[in-house]
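Shown next: input.pdb, given as PDB, C-alpha atoms.
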```
ATOM      1  CA  GLU A1331     -12.914  37.498 -26.443
ATOM      2  CA  LEU A1332      -9.348  37.627 -27.689
ATOM      3  CA  PRO A1333      -6.645  37.930 -25.015
ATOM      4  CA  VAL A1334      -5.539  41.466 -24.181
ATOM      5  CA  VAL A1335      -1.938  42.397 -23.422
ATOM      6  CA  ALA A1336      -2.086  44.793 -20.500
ATOM      7  CA  GLY A1337       0.369  47.619 -19.760
ATOM      8  CA  ASP A1338       3.645  48.794 -21.255
ATOM      9  CA  GLY A1339       5.851  46.847 -18.818
ATOM     10  CA  PRO A1340       6.206  43.061 -18.619
ATOM     11  CA  ARG A1341       3.707  41.388 -20.916
ATOM     12  CA  ARG A1342       0.683  39.972 -19.108
ATOM     13  CA  VAL A1343      -2.117  38.253 -20.985
ATOM     14  CA  GLU A1344      -5.656  38.653 -19.633
ATOM     15  CA  PHE A1345      -8.598  36.500 -20.727
ATOM     16  CA  ARG A1346     -11.409  38.809 -19.661
ATOM     17  CA  SER A1347     -14.226  36.486 -20.719
ATOM     18  CA  LEU A1348     -12.813  33.441 -18.889
ATOM     19  CA  PRO A1349     -14.666  32.949 -15.599
ATOM     20  CA  ALA A1350     -12.303  32.232 -12.716
ATOM     21  CA  GLU A1351     -12.662  32.330  -8.976
ATOM     22  CA  PRO A1352     -10.323  34.642  -7.077
ATOM     23  CA  VAL A1353      -7.309  32.815  -5.683
ATOM     24  CA  PRO A1354      -7.277  33.008  -1.889
ATOM     25  CA  ILE A1355      -4.177  34.126  -0.044
ATOM     26  CA  LEU A1356      -2.636  30.936   1.294
ATOM     27  CA  LEU A1357      -0.051  30.422   3.987
ATOM     28  CA  THR A1358       3.624  29.908   3.348
ATOM     29  CA  PRO A1359       5.025  26.446   4.170
ATOM     30  CA  ARG A1360       6.616  27.712   7.400
ATOM     31  CA  GLU A1361       3.236  28.944   8.608
ATOM     32  CA  ILE A1362       1.544  25.553   8.220
ATOM     33  CA  ILE A1363       2.113  24.162  11.686
ATOM     34  CA  THR A1364      -1.364  23.057  12.769
ATOM     35  CA  PHE A1365      -3.954  20.696  11.362
ATOM     36  CA  GLU A1366      -6.448  23.553  11.048
ATOM     37  CA  SER A1367      -4.137  25.680   8.910
ATOM     38  CA  ALA A1368      -3.266  22.687   6.704
ATOM     39  CA  ARG A1369      -6.931  21.734   6.328
ATOM     40  CA  ASP A1370      -7.755  25.035   4.586
ATOM     41  CA  ILE A1371      -5.025  24.415   2.020
ATOM     42  CA  TYR A1372      -6.150  20.796   1.606
ATOM     43  CA  LYS A1373      -9.702  21.953   0.886
ATOM     44  CA  PHE A1374      -8.431  24.420  -1.701
ATOM     45  CA  GLY A1375      -6.358  21.718  -3.397
ATOM     46  CA  GLU A1376      -9.200  19.201  -3.283
ATOM     47  CA  ARG A1377     -11.596  21.687  -4.900
ATOM     48  CA  ALA A1378      -9.064  22.349  -7.655
ATOM     49  CA  CYS A1379      -8.627  18.616  -8.274
ATOM     50  CA  LEU A1380     -12.365  18.011  -8.438
ATOM     51  CA  GLN A1381     -12.742  20.885 -10.877
ATOM     52  CA  ALA A1382      -9.956  19.454 -13.051
ATOM     53  CA  LEU A1383     -11.574  16.000 -13.006
ATOM     54  CA  GLN A1384     -14.654  17.435 -14.661
ATOM     55  CA  HIS A1385     -12.535  17.759 -17.787
ATOM     56  CA  TYR A1386      -9.861  15.073 -17.315
ATOM     57  CA  GLN A1387     -12.147  12.073 -17.082
ATOM     58  CA  LEU A1388     -10.854   8.521 -17.158
ATOM     59  CA  ASP A1389     -12.461   7.892 -20.538
ATOM     60  CA  GLY A1390     -10.195   9.934 -22.783
ATOM     61  CA  TYR A1391      -7.586  11.340 -20.398
ATOM     62  CA  VAL A1392      -6.333   8.273 -18.556
ATOM     63  CA  THR A1393      -2.902   9.511 -17.465
ATOM     64  CA  ASN A1394      -4.138  12.967 -16.465
ATOM     65  CA  HIS A1395      -7.052  11.460 -14.540
ATOM     66  CA  VAL A1396      -4.784   9.056 -12.649
ATOM     67  CA  ARG A1397      -2.280  11.793 -11.790
ATOM     68  CA  ILE A1398      -5.044  13.951 -10.372
ATOM     69  CA  MET A1399      -6.344  11.064  -8.271
ATOM     70  CA  GLN A1400      -2.814  10.455  -7.008
ATOM     71  CA  LEU A1401      -2.556  14.144  -6.145
ATOM     72  CA  ARG A1402      -5.781  13.941  -4.153
ATOM     73  CA  SER A1403      -4.312  11.007  -2.239
ATOM     74  CA  ARG A1404      -1.057  12.866  -1.572
ATOM     75  CA  LEU A1405      -2.939  15.927  -0.324
ATOM     76  CA  LEU A1406      -4.740  13.740   2.201
ATOM     77  CA  GLY A1407      -1.440  12.120   3.154
ATOM     78  CA  LEU A1408       0.187  15.463   3.843
ATOM     79  CA  LEU A1409      -2.818  16.563   5.884
ATOM     80  CA  SER A1410      -2.701  13.367   7.943
ATOM     81  CA  LYS A1411       0.861  14.128   9.084
ATOM     82  CA  LEU A1412      -0.535  16.940  11.243
ATOM     83  CA  GLU A1413      -3.413  14.850  12.646
ATOM     84  CA  GLU A1414      -2.758  13.519  16.155
ATOM     85  CA  ASP A1415      -5.810  11.249  16.441
ATOM     86  CA  ALA A1416      -4.851   7.779  15.154
ATOM     87  CA  SER A1417      -8.463   6.929  14.335
ATOM     88  CA  ARG A1418      -8.787   9.960  12.083
ATOM     89  CA  VAL A1419      -5.481   9.166  10.381
ATOM     90  CA  ALA A1420      -6.799   5.653   9.709
ATOM     91  CA  ALA A1421      -9.985   7.154   8.269
ATOM     92  CA  MET A1422      -7.884   9.319   5.938
ATOM     93  CA  ASN A1423      -5.875   6.297   4.819
ATOM     94  CA  THR A1424      -9.113   4.431   4.151
ATOM     95  CA  LYS A1425     -10.304   7.348   2.034
ATOM     96  CA  ARG A1426      -6.997   7.359   0.137
ATOM     97  CA  CYS A1427      -7.449   3.652  -0.633
ATOM     98  CA  GLY A1428     -10.935   4.430  -1.842
ATOM     99  CA  LEU A1429      -9.514   6.986  -4.281
ATOM    100  CA  LEU A1430      -6.812   4.734  -5.727
ATOM    101  CA  ALA A1431      -7.892   1.087  -5.430
ATOM    102  CA  PRO A1432     -10.699   1.269  -8.038
ATOM    103  CA  LEU A1433      -8.136   2.332 -10.647
ATOM    104  CA  LEU A1434      -6.386  -1.030 -10.312
ATOM    105  CA  SER A1435      -9.304  -2.789 -11.958
ATOM    106  CA  GLN A1436     -10.090   0.033 -14.398
ATOM    107  CA  LEU A1437      -6.730   0.396 -16.162
ATOM    108  CA  SER A1438      -5.314  -1.880 -18.833
ATOM    109  CA  ALA A1439      -2.134  -3.639 -17.717
ATOM    110  CA  THR A1440      -1.044  -3.753 -21.348
ATOM    111  CA  HIS A1441      -1.020   0.007 -21.805
ATOM    112  CA  TYR A1442      -0.713   1.419 -18.290
ATOM    113  CA  ALA A1443       1.551  -0.978 -16.388
ATOM    114  CA  HIS A1444       3.709   1.939 -15.200
ATOM    115  CA  LEU A1445       0.693   3.576 -13.549
ATOM    116  CA  LEU A1446      -0.544   0.289 -12.083
ATOM    117  CA  LYS A1447       2.851  -0.292 -10.483
ATOM    118  CA  GLU A1448       2.719   3.058  -8.717
ATOM    119  CA  ILE A1449      -0.866   2.689  -7.568
ATOM    120  CA  SER A1450      -0.620  -0.916  -6.396
ATOM    121  CA  PHE A1451       2.433  -0.178  -4.241
ATOM    122  CA  GLU A1452       0.768   2.876  -2.713
ATOM    123  CA  VAL A1453      -2.438   0.947  -1.988
ATOM    124  CA  GLY A1454      -0.406  -1.848  -0.409
ATOM    125  CA  SER A1455       1.430   0.655   1.792
ATOM    126  CA  LEU A1456      -1.804   2.320   2.872
ATOM    127  CA  GLN A1457      -3.421  -1.010   3.694
ATOM    128  CA  SER A1458      -0.299  -1.952   5.693
ATOM    129  CA  ASP A1459      -0.733   1.197   7.776
ATOM    130  CA  LEU A1460      -4.359   0.238   8.401
ATOM    131  CA  VAL A1461      -3.218  -3.235   9.530
ATOM    132  CA  ASP A1462      -0.814  -1.660  12.019
ATOM    133  CA  PHE A1463      -3.577   0.600  13.357
ATOM    134  CA  ARG A1464      -5.973  -2.308  13.904
ATOM    135  CA  ALA A1465      -3.200  -4.493  15.324
ATOM    136  CA  LYS A1466      -2.508  -1.937  18.053
ATOM    137  CA  ARG A1467      -6.173  -2.023  19.057
ATOM    138  CA  VAL A1468      -6.176  -5.836  19.154
ATOM    139  CA  GLU A1469      -2.943  -5.971  21.149
ATOM    140  CA  LYS A1470      -4.191  -3.384  23.642
ATOM    141  CA  ARG A1471      -7.231  -5.499  24.473
ATOM    142  CA  GLN A1472      -5.114  -8.624  24.760
ATOM    143  CA  ARG A1473      -2.764  -6.934  27.207
ATOM    144  CA  HIS A1474      -5.790  -6.323  29.413
ATOM    145  CA  GLY A1475      -6.938  -9.947  29.114
ATOM    146  CA  LYS A1476      -9.815  -9.145  26.767
ATOM    147  CA  ALA A1477     -10.776 -10.786  23.487
ATOM    148  CA  PRO A1478     -10.339  -8.547  20.436
ATOM    149  CA  LYS A1479     -13.397  -6.856  19.025
ATOM    150  CA  SER A1480     -14.865  -8.616  16.018
ATOM    151  CA  GLY A1481     -14.831  -5.404  13.976
ATOM    152  CA  ASP A1482     -11.112  -4.913  14.559
ATOM    153  CA  VAL A1483     -10.308  -8.507  13.585
ATOM    154  CA  VAL A1484     -12.361  -8.323  10.388
ATOM    155  CA  ALA A1485     -10.868  -4.942   9.440
ATOM    156  CA  LEU A1486      -7.329  -6.109  10.218
ATOM    157  CA  ASN A1487      -7.518  -9.309   8.200
ATOM    158  CA  ARG A1488      -9.257  -7.633   5.288
ATOM    159  CA  ALA A1489      -6.622  -4.899   5.207
ATOM    160  CA  ALA A1490      -3.881  -7.541   5.391
ATOM    161  CA  ALA A1491      -5.457  -9.442   2.487
ATOM    162  CA  ALA A1492      -5.775  -6.233   0.473
ATOM    163  CA  ALA A1493      -2.138  -5.335   1.170
ATOM    164  CA  ILE A1494      -0.933  -8.794   0.154
ATOM    165  CA  ILE A1495      -2.924  -8.664  -3.095
ATOM    166  CA  ALA A1496      -1.699  -5.140  -3.875
ATOM    167  CA  PHE A1497       1.964  -6.004  -3.306
ATOM    168  CA  GLU A1498       1.588  -9.261  -5.242
ATOM    169  CA  SER A1499       0.067  -7.243  -8.083
ATOM    170  CA  PHE A1500       2.942  -4.769  -7.968
ATOM    171  CA  ALA A1501       5.507  -7.572  -8.246
ATOM    172  CA  GLY A1502       3.469  -9.285 -10.939
ATOM    173  CA  TYR A1503       3.864  -6.336 -13.316
ATOM    174  CA  TYR A1504       7.632  -7.019 -13.329
ATOM    175  CA  GLN A1505       7.516 -10.788 -13.730
ATOM    176  CA  LYS A1506       8.307 -12.534 -16.980
ATOM    177  CA  PRO A1507       5.294 -14.395 -18.442
ATOM    178  CA  GLN A1508       5.455 -18.075 -17.546
ATOM    179  CA  PRO A1509       3.849 -20.600 -19.945
ATOM    180  CA  GLY A1510       0.909 -22.292 -18.275
ATOM    181  CA  CYS A1511       1.349 -20.252 -15.102
ATOM    182  CA  CYS A1512      -1.562 -18.445 -13.522
ATOM    183  CA  MET A1513      -1.085 -14.722 -13.090
ATOM    184  CA  VAL A1514      -0.546 -13.348  -9.611
ATOM    185  CA  PRO A1515      -3.623 -12.163  -7.691
ATOM    186  CA  THR A1516      -4.665  -8.676  -8.693
ATOM    187  CA  TYR A1517      -7.531  -6.397  -7.833
ATOM    188  CA  SER A1518      -9.077  -7.274 -11.175
ATOM    189  CA  ASN A1519      -8.964 -11.092 -10.875
ATOM    190  CA  ALA A1520      -9.048 -11.764  -7.129
ATOM    191  CA  GLY A1521     -12.716 -10.957  -6.745
ATOM    192  CA  ASP A1522     -14.310  -8.288  -4.615
ATOM    193  CA  LEU A1523     -12.103  -7.587  -1.623
ATOM    194  CA  GLU A1524     -15.110  -6.386   0.314
ATOM    195  CA  SER A1525     -16.510  -9.913   0.195
ATOM    196  CA  LEU A1526     -13.557 -11.326   2.135
ATOM    197  CA  GLY A1527     -15.008 -12.671   5.317
ATOM    198  CA  GLU A1528     -18.563 -12.981   4.061
ATOM    199  CA  GLU A1529     -18.233 -16.616   2.996
ATOM    200  CA  ASN A1530     -16.731 -19.538   4.874
ATOM    201  CA  VAL A1531     -16.005 -17.359   7.881
ATOM    202  CA  GLU A1532     -15.245 -18.833  11.250
ATOM    203  CA  VAL A1533     -16.815 -17.471  14.418
ATOM    204  CA  ILE A1534     -15.030 -18.294  17.641
ATOM    205  CA  GLU A1535     -16.170 -16.788  20.932
ATOM    206  CA  GLY A1536     -18.152 -14.199  19.029
ATOM    207  CA  VAL A1537     -15.190 -13.060  16.906
ATOM    208  CA  ILE A1538     -15.428 -13.279  13.117
ATOM    209  CA  PHE A1539     -12.342 -14.465  11.227
ATOM    210  CA  PRO A1540     -12.279 -13.863   7.462
ATOM    211  CA  PRO A1541     -10.513 -16.659   5.546
ATOM    212  CA  LEU A1542      -7.024 -15.873   4.274
ATOM    213  CA  ARG A1543      -5.880 -19.330   3.157
ATOM    214  CA  SER A1544      -6.709 -18.660  -0.490
ATOM    215  CA  LEU A1545      -4.020 -15.963  -0.553
ATOM    216  CA  ILE A1546      -1.162 -18.147   0.656
ATOM    217  CA  ARG A1547       1.592 -18.269  -1.958
ATOM    218  CA  ARG A1548       2.751 -21.593  -3.351
ATOM    219  CA  GLY A1549       6.410 -20.771  -2.860
ATOM    220  CA  PRO A1550       8.861 -17.982  -2.104
ATOM    221  CA  PRO A1551       9.765 -15.415  -4.765
ATOM    222  CA  ARG A1552      12.516 -16.364  -7.232
ATOM    223  CA  SER A1553      14.773 -13.850  -8.928
ATOM    224  CA  ILE A1554      14.785 -15.941 -12.111
ATOM    225  CA  ASP A1555      11.110 -15.072 -12.591
ATOM    226  CA  PHE A1556      12.113 -11.465 -13.273
ATOM    227  CA  PRO A1557      13.837  -9.898 -16.304
ATOM    228  CA  ALA A1558      17.642  -9.874 -16.461
ATOM    229  CA  ASP A1559      17.755  -6.129 -17.159
ATOM    230  CA  LEU A1560      15.970  -4.620 -14.162
ATOM    231  CA  HIS A1561      16.454  -0.919 -13.513
ATOM    232  CA  ALA A1562      18.390  -0.238 -10.326
ATOM    233  CA  SER A1563      15.556   1.989  -9.113
ATOM    234  CA  ASP A1564      13.090  -0.912  -9.387
ATOM    235  CA  VAL A1565      14.978  -3.394  -7.224
ATOM    236  CA  GLY A1566      14.301  -1.683  -3.881
ATOM    237  CA  PRO A1567      10.506  -1.396  -4.222
ATOM    238  CA  LEU A1568      10.239  -4.874  -5.764
ATOM    239  CA  TRP A1569      12.118  -6.555  -2.909
ATOM    240  CA  ARG A1570      10.321  -4.516  -0.242
ATOM    241  CA  ALA A1571       6.966  -5.568  -1.668
ATOM    242  CA  TYR A1572       7.723  -9.153  -0.613
ATOM    243  CA  PHE A1573       9.152  -7.943   2.680
ATOM    244  CA  HIS A1574       5.839  -6.199   3.379
ATOM    245  CA  ILE A1575       3.938  -9.354   2.395
ATOM    246  CA  ALA A1576       5.903 -11.354   4.963
ATOM    247  CA  ARG A1577       5.151  -8.743   7.591
ATOM    248  CA  MET A1578       1.446  -8.784   6.759
ATOM    249  CA  TRP A1579       1.271 -12.548   7.313
ATOM    250  CA  GLY A1580       2.812 -12.074  10.734
ATOM    251  CA  ARG A1581       0.264  -9.396  11.629
ATOM    252  CA  THR A1582      -2.901 -11.322  10.779
ATOM    253  CA  VAL A1583      -5.210 -12.689  13.462
ATOM    254  CA  SER A1584      -5.979 -16.419  13.469
ATOM    255  CA  PRO A1585      -8.869 -18.253  15.179
ATOM    256  CA  THR A1586      -7.035 -21.481  16.028
ATOM    257  CA  PRO A1587      -3.463 -22.579  16.805
ATOM    258  CA  GLN A1588      -3.411 -24.650  13.616
ATOM    259  CA  GLN A1589      -4.252 -21.676  11.415
ATOM    260  CA  ARG A1590      -1.856 -19.473  13.356
ATOM    261  CA  VAL A1591       0.947 -21.900  12.526
ATOM    262  CA  GLU A1592      -0.106 -21.847   8.852
ATOM    263  CA  VAL A1593       0.179 -18.092   8.496
ATOM    264  CA  LEU A1594       3.393 -17.927  10.542
ATOM    265  CA  SER A1595       4.827 -20.637   8.275
ATOM    266  CA  GLN A1596       3.970 -18.443   5.336
ATOM    267  CA  ALA A1597       5.788 -15.497   6.903
ATOM    268  CA  LEU A1598       8.762 -17.699   7.824
ATOM    269  CA  GLN A1599       9.077 -19.039   4.282
ATOM    270  CA  LEU A1600       9.286 -15.508   2.939
ATOM    271  CA  TYR A1601      11.705 -14.213   5.577
ATOM    272  CA  GLU A1602      14.049 -17.135   4.925
ATOM    273  CA  ALA A1603      13.976 -16.578   1.151
ATOM    274  CA  LEU A1604      14.311 -12.789   1.104
ATOM    275  CA  PRO A1605      18.109 -12.441   1.645
ATOM    276  CA  ALA A1606      18.900 -14.704  -1.321
ATOM    277  CA  PHE A1607      16.117 -13.048  -3.330
ATOM    278  CA  ALA A1608      17.755  -9.662  -2.701
ATOM    279  CA  GLN A1609      21.095 -10.906  -4.023
ATOM    280  CA  GLY A1610      19.384 -12.451  -7.029
ATOM    281  CA  LEU A1611      17.629  -9.200  -7.914
ATOM    282  CA  VAL A1612      20.827  -7.172  -7.587
ATOM    283  CA  GLU A1613      22.526  -9.577 -10.001
ATOM    284  CA  ARG A1614      19.717  -8.992 -12.515
ATOM    285  CA  ILE A1615      20.193  -5.221 -12.637
ATOM    286  CA  ASP A1616      21.026  -3.846 -16.060
ATOM    287  CA  LYS A1617      24.822  -3.813 -16.462
ATOM    288  CA  ASP A1618      24.857  -0.087 -17.238
ATOM    289  CA  GLU A1619      23.304   0.662 -13.825
ATOM    290  CA  ALA A1620      24.753  -2.101 -11.652
ATOM    291  CA  GLU A1621      28.037  -0.464 -10.634
ATOM    292  CA  GLY A1622      28.203   0.169  -6.887
ATOM    293  CA  VAL A1623      24.793  -1.403  -6.155
ATOM    294  CA  THR A1624      25.025  -3.937  -3.290
ATOM    295  CA  VAL A1625      22.558  -5.798  -1.097
ATOM    296  CA  PRO A1626      23.863  -4.257   2.158
ATOM    297  CA  GLY A1627      23.649  -0.824   0.600
ATOM    298  CA  LEU A1628      20.015  -1.343  -0.376
ATOM    299  CA  PHE A1629      18.535  -3.506   2.370
ATOM    300  CA  GLU A1630      20.880  -3.599   5.366
ATOM    301  CA  GLN A1631      18.229  -3.015   8.045
ATOM    302  CA  GLU A1632      15.584  -5.148   6.356
ATOM    303  CA  ILE A1633      17.948  -8.096   5.871
ATOM    304  CA  GLU A1634      18.790  -7.938   9.573
ATOM    305  CA  ILE A1635      15.075  -8.056  10.396
ATOM    306  CA  CYS A1636      14.630 -11.055   8.071
ATOM    307  CA  THR A1637      17.435 -12.896   9.872
ATOM    308  CA  GLN A1638      15.923 -12.131  13.274
ATOM    309  CA  MET A1639      12.436 -13.215  12.213
ATOM    310  CA  ALA A1640      13.773 -16.420  10.639
ATOM    311  CA  GLY A1641      15.147 -17.283  14.070
ATOM    312  CA  LEU A1642      12.179 -16.145  16.160
ATOM    313  CA  LEU A1643       9.271 -17.545  14.159
ATOM    314  CA  PRO A1644      10.097 -21.253  14.635
ATOM    315  CA  ILE A1645      10.148 -20.650  18.403
ATOM    316  CA  LYS A1646       6.818 -18.861  18.168
ATOM    317  CA  MET A1647       5.300 -21.644  16.084
ATOM    318  CA  SER A1648       6.585 -24.321  18.456
ATOM    319  CA  ARG A1649       4.992 -22.536  21.407
ATOM    320  CA  VAL A1650       1.685 -22.226  19.576
ATOM    321  CA  GLN A1651       1.720 -25.948  18.706
ATOM    322  CA  HIS A1652       2.772 -27.021  22.172
ATOM    323  CA  ASP A1653       0.459 -25.022  24.433
ATOM    324  CA  GLY A1654      -2.178 -23.825  21.965
ATOM    325  CA  VAL A1655      -1.635 -20.235  23.052
ATOM    326  CA  ALA A1656      -1.154 -17.131  20.952
ATOM    327  CA  ALA A1657      -3.827 -18.299  18.531
ATOM    328  CA  LEU A1658      -5.154 -14.790  18.618
ATOM    329  CA  GLY A1659      -3.312 -11.593  17.977
ATOM    330  CA  PRO A1660      -0.766 -10.140  15.603
ATOM    331  CA  ALA A1661       2.352 -10.680  17.663
ATOM    332  CA  LEU A1662       4.818  -9.662  14.936
TER
END
```

Show the structure stored in the file as structure tokens.
Amino acid sequence: ELPVVAGDGPRRVEFRSLPAEPVPILLTPREIITFESARDIYKFGERACLQALQHYQLDGYVTNHVRIMQLRSRLLGLLSKLEEDASRVAAMNTKRCGLLAPLLSQLSATHYAHLLKEISFEVGSLQSDLVDFRAKRVEKRQRHGKAPKSGDVVALNRAAAAAIIAFESFAGYYQKPQPGCCMVPTYSNAGDLESLGEENVEVIEGVIFPPLRSLIRRGPPRSIDFPADLHASDVGPLWRAYFHIARMWGRTVSPTPQQRVEVLSQALQLYEALPAFAQGLVERIDKDEAEGVTVPGLFEQEIEICTQMAGLLPIKMSRVQHDGVAALGPAL
């Protein structure tokens, strides 16, 4: 039917033949103070997103489809802020990764680099949170003199590998093409992340250690690999991607002192390079946006952490080499 304009007052258009479910009365933001109250709103939003996805499918409506998937992830993220159980928060973060990560291998980097940047950084951040969750479980058992559970070690190292790949992918979308240079690892060319740990694994005292050596970078990041007209808003996320990568290497669990030194060396190399990398990126900001942008203004706390870690890691590595201790456990 044609739309009908109802009443003599303000014009209101009614589509009488358009089926629509009644909109429930939802709470105001100030009334959402418990997980239970937020869950009802999450369910309403999730149903609306799923209904929209029936029309906005990836084949034909790429941008709309991605935005809806991002909205589903954000809804879960908001719900998780009211969840007190860390295990359930981790489960929500895992679900959020499951919503977003497949898009990284489904979208064309040529046409949708702006979307891939957003998604890869968010996936990396979510995987980092999962690493921290598993690391706390490993550390708790170590404090009580117990070996970490194999499931926690596998999940921690896989999440760390996924975070490293996601952040490397994010940075790779900014890099200038290098003749004869292999592209950075991405979700589309790094193989199936779920297979990490299934081949060439090491089992020590019943604990499974997925291999991470294939992800070790061949050198620290260089500002000259990036365009000379970066947007000021891009510098912070780009630098922090490498900061997160360094942190992930420090959080991984290693089966032997030798491998522990390898991954700590990787973290050390990044921490040492990051202050100069920050200055290099700031100098490559587009001239029209560069006024007033400084390294201390952008990264003051993070640079301080880099300096501290650059001093602490050699001591840690020396202790591992000397006594063979601390082979297990994400101590950083």

**OP:** Name the residues in contact with Glu1602 (chain A) at a cut-off of 7 Å, using only C-alpha atoms, excluding same-chain residues fewer than 4 positions from it; report them as a PyMOL selection string.
**Re:** chain A and resi 1598+1636+1640

Subject >> Resolved residues for the PyMOL selection byres ((chain A and resi 1558) around 10) as a list in words >> reply: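 This file gives the following for the PyMOL selection byres ((chain A and resi 1558) around 10): Lys1506, Ser1553, Ile1554, Asp1555, Phe1556, Pro1557, Asp1559, Leu1560, His1561, Gly1610, Leu1611, Val1612, Glu1613, Arg1614, Ile1615, Asp1616 and Lys1617 of chain A.
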
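Going from CA of His1444 (chain A) over to CA of Leu1456 (chain A), you cover 18.9 Å.
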
Subject >> Gap from CA of Tyr1391 (chain A) to CA of Glu1448 (chain A) - Å, one decimal >> reply: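 Separation between CA of Tyr1391 (chain A) and CA of Glu1448 (chain A): 17.6 Å.
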
Subject >> Surrounding residues of Pro1478 (chain A) excluding itself and chain neighbours under 5 positions, 8 Å, only C-alpha atoms, as a ChimeraX atom specification >> reply: /A:1467-1469,1471-1472,1483,1537

**OP:** List the neighbours of Gly1407 (chain A) out to 8 Å using all atoms listed in the file; skip same-chain residues closer than 5 positions along the sequence, and give me the result as a list in words.
**Re:**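 Final neighbour list, sorted by chain and number: Met1422, Asn1423 and Arg1426 of chain A.
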
For C-alpha atoms, I'd like the residues from the last selection saved as a compact mmCIF listing (two decimals), in the coordinates of the input.
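Written out: selection.txt:
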```txt
# COMPACT_ATOMS: atom_id res chain seq x y z
CA MET A 1422 -7.88 9.32 5.94
CA ASN A 1423 -5.88 6.30 4.82
CA ARG A 1426 -7.00 7.36 0.14
```

Please report, as AutoDock Vina command-line options, the centre and edge lengths in Å to one decimal of an axis-aligned box covering all listed atoms of region 1549-1568 of chain A with 4 Å per side.
```
--center_x 12.4 --center_y -9.4 --center_z -9.6 --size_x 20.0 --size_y 30.8 --size_z 23.1
```

**OP:** Just give me the gap between CA of Ala1420 (chain A) and CA of Leu1460 (chain A) in Å, one decimal is fine.
**Re:** 6.1 Å

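Nearest residue to Gly1375 (chain A), choosing from A:Ser1499, A:Val1396, A:Glu1361, A:Leu1406 and counting all atoms listed in the file: A:Leu1406.
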
**OP:** Counting all atoms listed in the file, figure out which residue out of A:His1474, A:Arg1404, A:Arg1464, A:Lys1411 gets nearest to Glu1376 (chain A).
**Re:**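 Of A:His1474, A:Arg1404, A:Arg1464, A:Lys1411, the one nearest Glu1376 (chain A) is A:Arg1404, counting all atoms listed in the file.
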
**OP:** Given the file shown, enumerate the residues that the PyMOL selection byres ((chain A and resi 1427-1440) around 7) captures and present them as a PyMOL selection string.
**Re:** chain A and resi 1399+1403+1423-1426+1441-1443+1446+1449-1450+1453+1456+1517-1518

I need the chosen residues saved as a PDB file, keeping the file's coordinate frame, with C-alpha atoms.
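Written file, result16.pdb:
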```pdb
ATOM      1  CA  MET A1399      -6.344  11.064  -8.271  1.00  0.00           C
ATOM      2  CA  SER A1403      -4.312  11.007  -2.239  1.00  0.00           C
ATOM      3  CA  ASN A1423      -5.875   6.297   4.819  1.00  0.00           C
ATOM      4  CA  THR A1424      -9.113   4.431   4.151  1.00  0.00           C
ATOM      5  CA  LYS A1425     -10.304   7.348   2.034  1.00  0.00           C
ATOM      6  CA  ARG A1426      -6.997   7.359   0.137  1.00  0.00           C
ATOM      7  CA  HIS A1441      -1.020   0.007 -21.805  1.00  0.00           C
ATOM      8  CA  TYR A1442      -0.713   1.419 -18.290  1.00  0.00           C
ATOM      9  CA  ALA A1443       1.551  -0.978 -16.388  1.00  0.00           C
ATOM     10  CA  LEU A1446      -0.544   0.289 -12.083  1.00  0.00           C
ATOM     11  CA  ILE A1449      -0.866   2.689  -7.568  1.00  0.00           C
ATOM     12  CA  SER A1450      -0.620  -0.916  -6.396  1.00  0.00           C
ATOM     13  CA  VAL A1453      -2.438   0.947  -1.988  1.00  0.00           C
ATOM     14  CA  LEU A1456      -1.804   2.320   2.872  1.00  0.00           C
ATOM     15  CA  TYR A1517      -7.531  -6.397  -7.833  1.00  0.00           C
ATOM     16  CA  SER A1518      -9.077  -7.274 -11.175  1.00  0.00           C
TER      17      SER A1518
END
```

Subject >> Expansion of the PyMOL selection byres ((chain A and resi 1637) around 12) into residues, as a list in words >> reply: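 Selected by the PyMOL selection byres ((chain A and resi 1637) around 12) here: Leu1598, Gln1599, Leu1600, Tyr1601, Glu1602, Ala1603, Leu1604, Pro1605, Ala1606, Glu1630, Gln1631, Glu1632, Ile1633, Glu1634, Ile1635, Cys1636, Gln1638, Met1639, Ala1640, Gly1641, Leu1642 and Leu1643 of chain A.
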
Original post:
Taking all atoms listed in the file into account, which of A:Val1583, A:Ala1608, A:Ile1371, A:Ile1398 comes nearest Lys1479 (chain A)?
Top reply: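 The answer is A:Val1583, which sits nearest to Lys1479 (chain A).
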
**OP:** May I have the residues within 12 Å of Ser1458 (chain A) as an MDAnalysis selection string, using all atoms listed in the file and disregarding those fewer than 5 positions away in the same chain?
**Re:** chainID A and resid 1420 1423:1424 1427 1451:1453 1463:1465 1485:1497 1571 1573:1582
